[in-house]
file query_15.txt (compact mmCIF, C-alpha atoms)
# COMPACT_ATOMS: atom_id res chain seq x y z
CA MET A 1 0.00 0.00 0.00
CA GLU A 2 1.28 3.44 -0.90
CA THR A 3 2.03 5.97 1.78
CA SER A 4 0.67 9.51 1.45
CA ALA A 5 2.84 12.60 1.94
CA ALA A 6 0.99 13.30 5.21
CA GLU A 7 1.61 9.73 6.43
CA LEU A 8 5.28 10.06 5.48
CA GLU A 9 5.61 13.31 7.41
CA ALA A 10 3.93 11.67 10.44
CA PHE A 11 6.37 8.73 10.10
CA LEU A 12 9.33 11.14 10.08
CA ALA A 13 7.94 13.05 13.06
CA GLY A 14 7.40 9.78 14.93
CA LEU A 15 11.08 8.99 14.45
CA GLY A 16 12.01 12.44 15.75
CA ILE A 17 13.36 13.44 12.34
CA PRO A 18 13.17 17.21 11.83
CA PHE A 19 12.40 18.61 8.39
CA GLU A 20 11.44 21.85 6.75
CA ARG A 21 8.74 21.71 4.06
CA PHE A 22 8.56 23.92 0.97
CA ASP A 23 5.42 23.69 -1.17
CA HIS A 24 5.76 24.61 -4.84
CA ASP A 25 4.39 24.01 -8.32
CA PRO A 26 5.03 20.50 -9.72
CA VAL A 27 8.64 19.82 -10.75
CA TYR A 28 9.68 17.04 -13.13
CA THR A 29 13.35 17.77 -13.79
CA CYS A 30 16.35 19.27 -12.03
CA ASP A 31 15.95 22.33 -14.26
CA ASP A 32 12.40 22.75 -12.93
CA VAL A 33 13.72 22.49 -9.37
CA SER A 34 16.35 25.17 -9.93
CA ARG A 35 13.64 27.53 -11.23
CA ILE A 36 10.87 26.74 -8.74
CA VAL A 37 12.27 25.54 -5.38
CA PRO A 38 13.46 28.47 -3.28
CA PRO A 39 17.25 28.58 -2.93
CA ALA A 40 16.78 29.44 0.74
CA ALA A 41 15.68 25.83 1.23
CA GLY A 42 19.30 24.80 1.79
CA GLY A 43 20.65 21.27 1.56
CA VAL A 44 21.74 19.33 -1.50
CA GLN A 45 19.02 18.98 -4.14
CA THR A 46 18.87 15.28 -4.86
CA LYS A 47 18.33 13.61 -8.20
CA ASN A 48 17.02 10.07 -7.98
CA LEU A 49 17.27 7.36 -10.61
CA PHE A 50 15.22 4.18 -10.32
CA ILE A 51 17.15 1.56 -12.28
CA ARG A 52 16.99 -2.16 -12.94
CA ASP A 53 19.27 -4.85 -14.26
CA LYS A 54 18.92 -6.42 -17.70
CA LYS A 55 16.64 -9.21 -16.49
CA GLY A 56 14.54 -6.88 -14.34
CA GLN A 57 15.20 -8.97 -11.25
CA ARG A 58 17.23 -6.42 -9.26
CA HIS A 59 16.36 -2.78 -8.59
CA TRP A 60 18.30 0.19 -7.27
CA LEU A 61 17.57 3.74 -6.28
CA VAL A 62 20.57 5.91 -7.15
CA VAL A 63 20.72 9.21 -5.28
CA THR A 64 23.01 11.98 -6.48
CA ASP A 65 23.17 15.75 -6.73
CA CYS A 66 21.07 17.43 -9.43
CA SER A 67 24.21 18.77 -11.09
CA ARG A 68 25.66 15.30 -11.73
CA ALA A 69 24.99 12.94 -14.66
CA VAL A 70 25.55 9.30 -13.67
CA ASP A 71 27.16 6.94 -16.20
CA LEU A 72 24.95 3.85 -15.90
CA LYS A 73 27.25 1.73 -18.07
CA ALA A 74 30.20 2.45 -15.76
CA LEU A 75 28.01 2.01 -12.65
CA ALA A 76 26.95 -1.54 -13.57
CA PRO A 77 30.23 -3.27 -12.61
CA VAL A 78 30.54 -1.12 -9.47
CA ILE A 79 27.29 -2.59 -8.13
CA GLY A 80 27.76 -6.07 -9.57
CA ALA A 81 25.12 -5.80 -12.27
CA ASP A 82 25.11 -6.57 -15.95
CA HIS A 83 23.34 -3.97 -18.08
CA LEU A 84 21.44 -1.18 -16.27
CA SER A 85 18.49 0.83 -17.51
CA LEU A 86 15.81 3.05 -16.04
CA GLY A 87 12.85 1.20 -14.58
CA SER A 88 9.46 1.66 -16.22
CA PRO A 89 6.73 3.77 -14.61
CA GLU A 90 4.81 0.56 -13.85
CA ARG A 91 7.84 -1.02 -12.15
CA LEU A 92 8.50 2.21 -10.22
CA MET A 93 4.90 2.18 -8.94
CA ARG A 94 5.06 -1.51 -8.05
CA CYS A 95 8.39 -1.28 -6.18
CA LEU A 96 8.23 2.17 -4.54
CA GLY A 97 4.64 3.39 -4.95
CA LEU A 98 5.90 6.41 -6.92
CA SER A 99 5.18 7.98 -10.27
CA PRO A 100 7.77 9.56 -12.58
CA GLY A 101 8.70 13.05 -11.43
CA SER A 102 8.20 12.08 -7.79
CA VAL A 103 11.11 9.65 -7.42
CA THR A 104 12.67 10.20 -4.02
CA LEU A 105 14.81 8.54 -1.40
CA LEU A 106 11.77 8.81 0.87
CA GLY A 107 9.92 6.37 -1.41
CA LEU A 108 11.78 3.61 0.44
CA VAL A 109 9.03 3.89 3.05
CA ASN A 110 6.93 1.93 0.52
CA ASP A 111 9.53 -0.88 0.25
CA PRO A 112 9.16 -2.90 3.47
CA GLU A 113 10.46 -6.04 1.75
CA ARG A 114 13.64 -4.17 0.67
CA GLN A 115 13.36 -5.08 -2.99
CA VAL A 116 15.20 -1.88 -3.91
CA ALA A 117 18.87 -1.40 -3.01
CA VAL A 118 20.07 2.15 -2.32
CA ILE A 119 23.19 3.72 -3.80
CA ILE A 120 24.09 7.20 -2.60
CA ASP A 121 26.74 9.40 -4.15
CA ARG A 122 29.54 10.08 -1.64
CA GLU A 123 29.20 13.88 -2.04
CA VAL A 124 25.48 13.72 -1.29
CA TRP A 125 26.02 11.42 1.70
CA ASP A 126 28.58 13.83 3.15
CA ALA A 127 26.23 16.84 2.86
CA PRO A 128 24.77 18.32 6.06
CA ALA A 129 21.19 18.13 4.68
CA LEU A 130 19.30 16.73 1.69
CA ARG A 131 16.31 18.05 -0.23
CA CYS A 132 13.84 15.27 -1.04
CA HIS A 133 10.31 15.12 -2.40
CA PRO A 134 7.81 13.83 0.20
CA LEU A 135 6.39 11.27 -2.30
CA THR A 136 4.97 14.11 -4.41
CA ASN A 137 6.65 16.56 -6.76
CA THR A 138 4.70 19.54 -5.39
CA ALA A 139 6.79 19.86 -2.23
CA THR A 140 10.37 19.51 -1.02
CA LEU A 141 11.55 18.51 2.44
CA VAL A 142 14.94 19.56 3.77
CA ILE A 143 16.16 16.82 6.10
CA PRO A 144 19.44 16.86 8.04
CA HIS A 145 21.95 14.07 7.37
CA ASP A 146 21.32 12.33 10.70
CA GLY A 147 17.59 12.31 9.87
CA ILE A 148 18.33 10.55 6.58
CA VAL A 149 20.41 7.98 8.48
CA ARG A 150 17.52 7.37 10.93
CA PHE A 151 15.02 7.10 8.06
CA LEU A 152 17.13 4.49 6.27
CA GLU A 153 17.58 2.52 9.49
CA ALA A 154 13.84 2.63 10.18
CA THR A 155 13.00 1.34 6.69
CA GLY A 156 15.69 -1.36 6.85
CA HIS A 157 17.72 0.00 3.93
CA GLN A 158 21.52 -0.04 4.19
CA PRO A 159 22.88 2.41 1.61
CA GLN A 160 25.91 1.69 -0.53
CA VAL A 161 27.80 4.98 -0.43
CA THR A 162 30.23 5.43 -3.31
CA ALA A 163 31.71 7.97 -5.70
CA LEU A 164 29.37 7.49 -8.63
CA PRO A 165 30.88 7.32 -12.11
CA LEU A 166 29.82 10.35 -14.12
CA ARG A 167 29.12 10.78 -17.83
CA PRO A 168 31.65 12.98 -19.56
CA THR A 169 30.34 16.51 -20.09
call {"tool": "encode", "arguments": {"input": "query_15.txt", "output": "structure tokens"}}
result
Amino acid sequence: METSAAELEAFLAGLGIPFERFDHDPVYTCDDVSRIVPPAAGGVQTKNLFIRDKKGQRHWLVVTDCSRAVDLKALAPVIGADHLSLGSPERLMRCLGLSPGSVTLLGLVNDPERQVAVIIDREVWDAPALRCHPLTNTATLVIPHDGIVRFLEATGHQPQVTALPLRPT
């Protein structure tokens, strides 16, 4: 069952995780975010890629900074996968209860069976706070690093933190 944004925020509050919420028009890309989300929000603006292996048996959520373009071909051997590609909207909904444009680290709340592995870019992991959608692309939550750690522990997801390979610019 999918969690609502309000249920997610209650879950965070129940864990004692502080956050600041910014409501805004819908955003679908990092360019939209840079135009619409107030810069005063602080924290690293995350970009999230829901990917799968060639056979569609393994899934990952890759979390990086909006300014970075991940090289999926180079990432595959780093995570022990064959060919990687973006997961379909149907697969995204089935695994994380999310629709395209709303992909977020916080979607792991909808993955109690831990079907989705988490890979977080080292630079994002080392940031003091992250900006994440609260399961909808019409708001952004700023959550301190220790809150992200508590969230991941509460959902049973152990992140693989690594320097992600980037596409040449």
call {"tool": "residues_around", "arguments": {"input": "query_15.txt", "residues": "segment 116-125 of chain A", "least_positions_apart": "5", "cutoff": "9 Å", "atoms": "all atoms listed in the file", "output": "ChimeraX atom specification"}}
result
/A:44-46,50,58-65,79,95-96,105,108,111,130,145,157-164
call {"tool": "residues_around", "arguments": {"input": "query_15.txt", "residues": "Ala69 of chain A", "least_positions_apart": "2", "cutoff": "9 Å", "atoms": "all atoms listed in the file", "output": "list of chain:residue names"}}
result
A:Thr64, A:Asp65, A:Cys66, A:Ser67, A:Asp71, A:Pro165, A:Leu166, A:Arg167, A:Pro168, A:Thr169
call {"tool": "atom_distance", "arguments": {"input": "query_15.txt", "atom1": "atom CA of Cys30 of chain A", "atom2": "atom CA of Gly156 of chain A"}}
result
28.0 Å
call {"tool": "atom_distance", "arguments": {"input": "query_15.txt", "atom1": "atom CA of Pro39 of chain A", "atom2": "atom CA of Ala13 of chain A"}}
result
24.2 Å
call {"tool": "residues_around", "arguments": {"input": "query_15.txt", "residues": "Gly43 of chain A", "least_positions_apart": "5", "cutoff": "7 Å", "atoms": "all atoms listed in the file", "output": "list of chain:residue names"}}
result
A:Pro128, A:Ala129, A:Leu130, A:Arg131, A:Val142
call {"tool": "residues_around", "arguments": {"input": "query_15.txt", "residues": "segment 84-91 of chain A", "least_positions_apart": "5", "cutoff": "7 Å", "atoms": "all atoms listed in the file", "output": "PDB file with C-alpha atoms, keeping the file's coordinate frame"}}
result
ATOM      1  CA  PHE A  50      15.220   4.180 -10.320  1.00  0.00           C
ATOM      2  CA  ILE A  51      17.150   1.560 -12.280  1.00  0.00           C
ATOM      3  CA  ARG A  52      16.990  -2.160 -12.940  1.00  0.00           C
ATOM      4  CA  ASP A  53      19.270  -4.850 -14.260  1.00  0.00           C
ATOM      5  CA  LYS A  54      18.920  -6.420 -17.700  1.00  0.00           C
ATOM      6  CA  LEU A  72      24.950   3.850 -15.900  1.00  0.00           C
ATOM      7  CA  LYS A  73      27.250   1.730 -18.070  1.00  0.00           C
ATOM      8  CA  ALA A  76      26.950  -1.540 -13.570  1.00  0.00           C
ATOM      9  CA  SER A  99       5.180   7.980 -10.270  1.00  0.00           C
ATOM     10  CA  PRO A 100       7.770   9.560 -12.580  1.00  0.00           C
TER      11      PRO A 100
END
call {"tool": "atom_distance", "arguments": {"input": "query_15.txt", "atom1": "atom CA of Leu8 of chain A", "atom2": "atom CA of Arg68 of chain A"}}
result
27.2 Å
call {"tool": "closest_residue", "arguments": {"input": "query_15.txt", "among": "A:Glu9, A:Gly56, A:Glu113, A:Leu106", "to": "Val149 of chain A", "atoms": "all atoms listed in the file"}}
result
A:Leu106
call {"tool": "closest_residue", "arguments": {"input": "query_15.txt", "among": "A:Gly147, A:Asp126, A:Lys47, A:Leu152", "to": "Asn110 of chain A", "atoms": "only C-alpha atoms"}}
result
A:Leu152
call {"tool": "build_atoms", "arguments": {"input": "query_15.txt", "residues": "segment 67-87 of chain A", "atoms": "N, CA and C atoms", "output": "mmCIF file, in the coordinates of the input"}}
result
data_model
loop_
_atom_site.group_PDB
_atom_site.id
_atom_site.type_symbol
_atom_site.label_atom_id
_atom_site.label_comp_id
_atom_site.auth_asym_id
_atom_site.auth_seq_id
_atom_site.Cartn_x
_atom_site.Cartn_y
_atom_site.Cartn_z
ATOM 1 N N SER A 67 23.234 18.295 -10.112
ATOM 2 C CA SER A 67 24.210 18.770 -11.090
ATOM 3 C C SER A 67 25.030 17.641 -11.714
ATOM 4 N N ARG A 68 24.821 16.405 -11.277
ATOM 5 C CA ARG A 68 25.660 15.300 -11.730
ATOM 6 C C ARG A 68 24.886 14.362 -12.659
ATOM 7 N N ALA A 69 25.575 13.888 -13.712
ATOM 8 C CA ALA A 69 24.990 12.940 -14.660
ATOM 9 C C ALA A 69 25.690 11.596 -14.489
ATOM 10 N N VAL A 70 24.980 10.612 -13.978
ATOM 11 C CA VAL A 70 25.550 9.300 -13.670
ATOM 12 C C VAL A 70 25.726 8.500 -14.959
ATOM 13 N N ASP A 71 26.867 7.827 -15.074
ATOM 14 C CA ASP A 71 27.160 6.940 -16.200
ATOM 15 C C ASP A 71 26.699 5.534 -15.802
ATOM 16 N N LEU A 72 25.519 5.139 -16.280
ATOM 17 C CA LEU A 72 24.950 3.850 -15.900
ATOM 18 C C LEU A 72 25.788 2.673 -16.379
ATOM 19 N N LYS A 73 26.403 2.814 -17.548
ATOM 20 C CA LYS A 73 27.250 1.730 -18.070
ATOM 21 C C LYS A 73 28.439 1.500 -17.142
ATOM 22 N N ALA A 74 29.058 2.573 -16.674
ATOM 23 C CA ALA A 74 30.200 2.450 -15.760
ATOM 24 C C ALA A 74 29.751 2.045 -14.355
ATOM 25 N N LEU A 75 28.519 2.361 -13.976
ATOM 26 C CA LEU A 75 28.010 2.010 -12.650
ATOM 27 C C LEU A 75 27.737 0.513 -12.527
ATOM 28 N N ALA A 76 27.340 -0.126 -13.610
ATOM 29 C CA ALA A 76 26.950 -1.540 -13.570
ATOM 30 C C ALA A 76 28.006 -2.425 -12.887
ATOM 31 N N PRO A 77 29.270 -2.403 -13.295
ATOM 32 C CA PRO A 77 30.230 -3.270 -12.610
ATOM 33 C C PRO A 77 30.502 -2.855 -11.155
ATOM 34 N N VAL A 78 30.328 -1.595 -10.842
ATOM 35 C CA VAL A 78 30.540 -1.120 -9.470
ATOM 36 C C VAL A 78 29.541 -1.778 -8.523
ATOM 37 N N ILE A 79 28.314 -2.010 -8.989
ATOM 38 C CA ILE A 79 27.290 -2.590 -8.130
ATOM 39 C C ILE A 79 27.029 -4.077 -8.423
ATOM 40 N N GLY A 80 27.883 -4.650 -9.287
ATOM 41 C CA GLY A 80 27.760 -6.070 -9.570
ATOM 42 C C GLY A 80 26.568 -6.425 -10.426
ATOM 43 N N ALA A 81 26.251 -5.556 -11.377
ATOM 44 C CA ALA A 81 25.120 -5.800 -12.270
ATOM 45 C C ALA A 81 25.612 -5.969 -13.695
ATOM 46 N N ASP A 82 24.755 -6.511 -14.541
ATOM 47 C CA ASP A 82 25.110 -6.570 -15.950
ATOM 48 C C ASP A 82 24.715 -5.232 -16.569
ATOM 49 N N HIS A 83 23.795 -5.197 -17.416
ATOM 50 C CA HIS A 83 23.340 -3.970 -18.080
ATOM 51 C C HIS A 83 22.302 -3.274 -17.197
ATOM 52 N N LEU A 84 22.410 -1.947 -17.059
ATOM 53 C CA LEU A 84 21.440 -1.180 -16.270
ATOM 54 C C LEU A 84 20.604 -0.295 -17.177
ATOM 55 N N SER A 85 19.352 -0.125 -16.810
ATOM 56 C CA SER A 85 18.490 0.830 -17.510
ATOM 57 C C SER A 85 17.483 1.379 -16.512
ATOM 58 N N LEU A 86 16.830 2.463 -16.900
ATOM 59 C CA LEU A 86 15.810 3.050 -16.040
ATOM 60 C C LEU A 86 14.622 2.101 -15.948
ATOM 61 N N GLY A 87 14.038 2.022 -14.768
ATOM 62 C CA GLY A 87 12.850 1.200 -14.580
ATOM 63 C C GLY A 87 11.630 1.893 -15.172
#
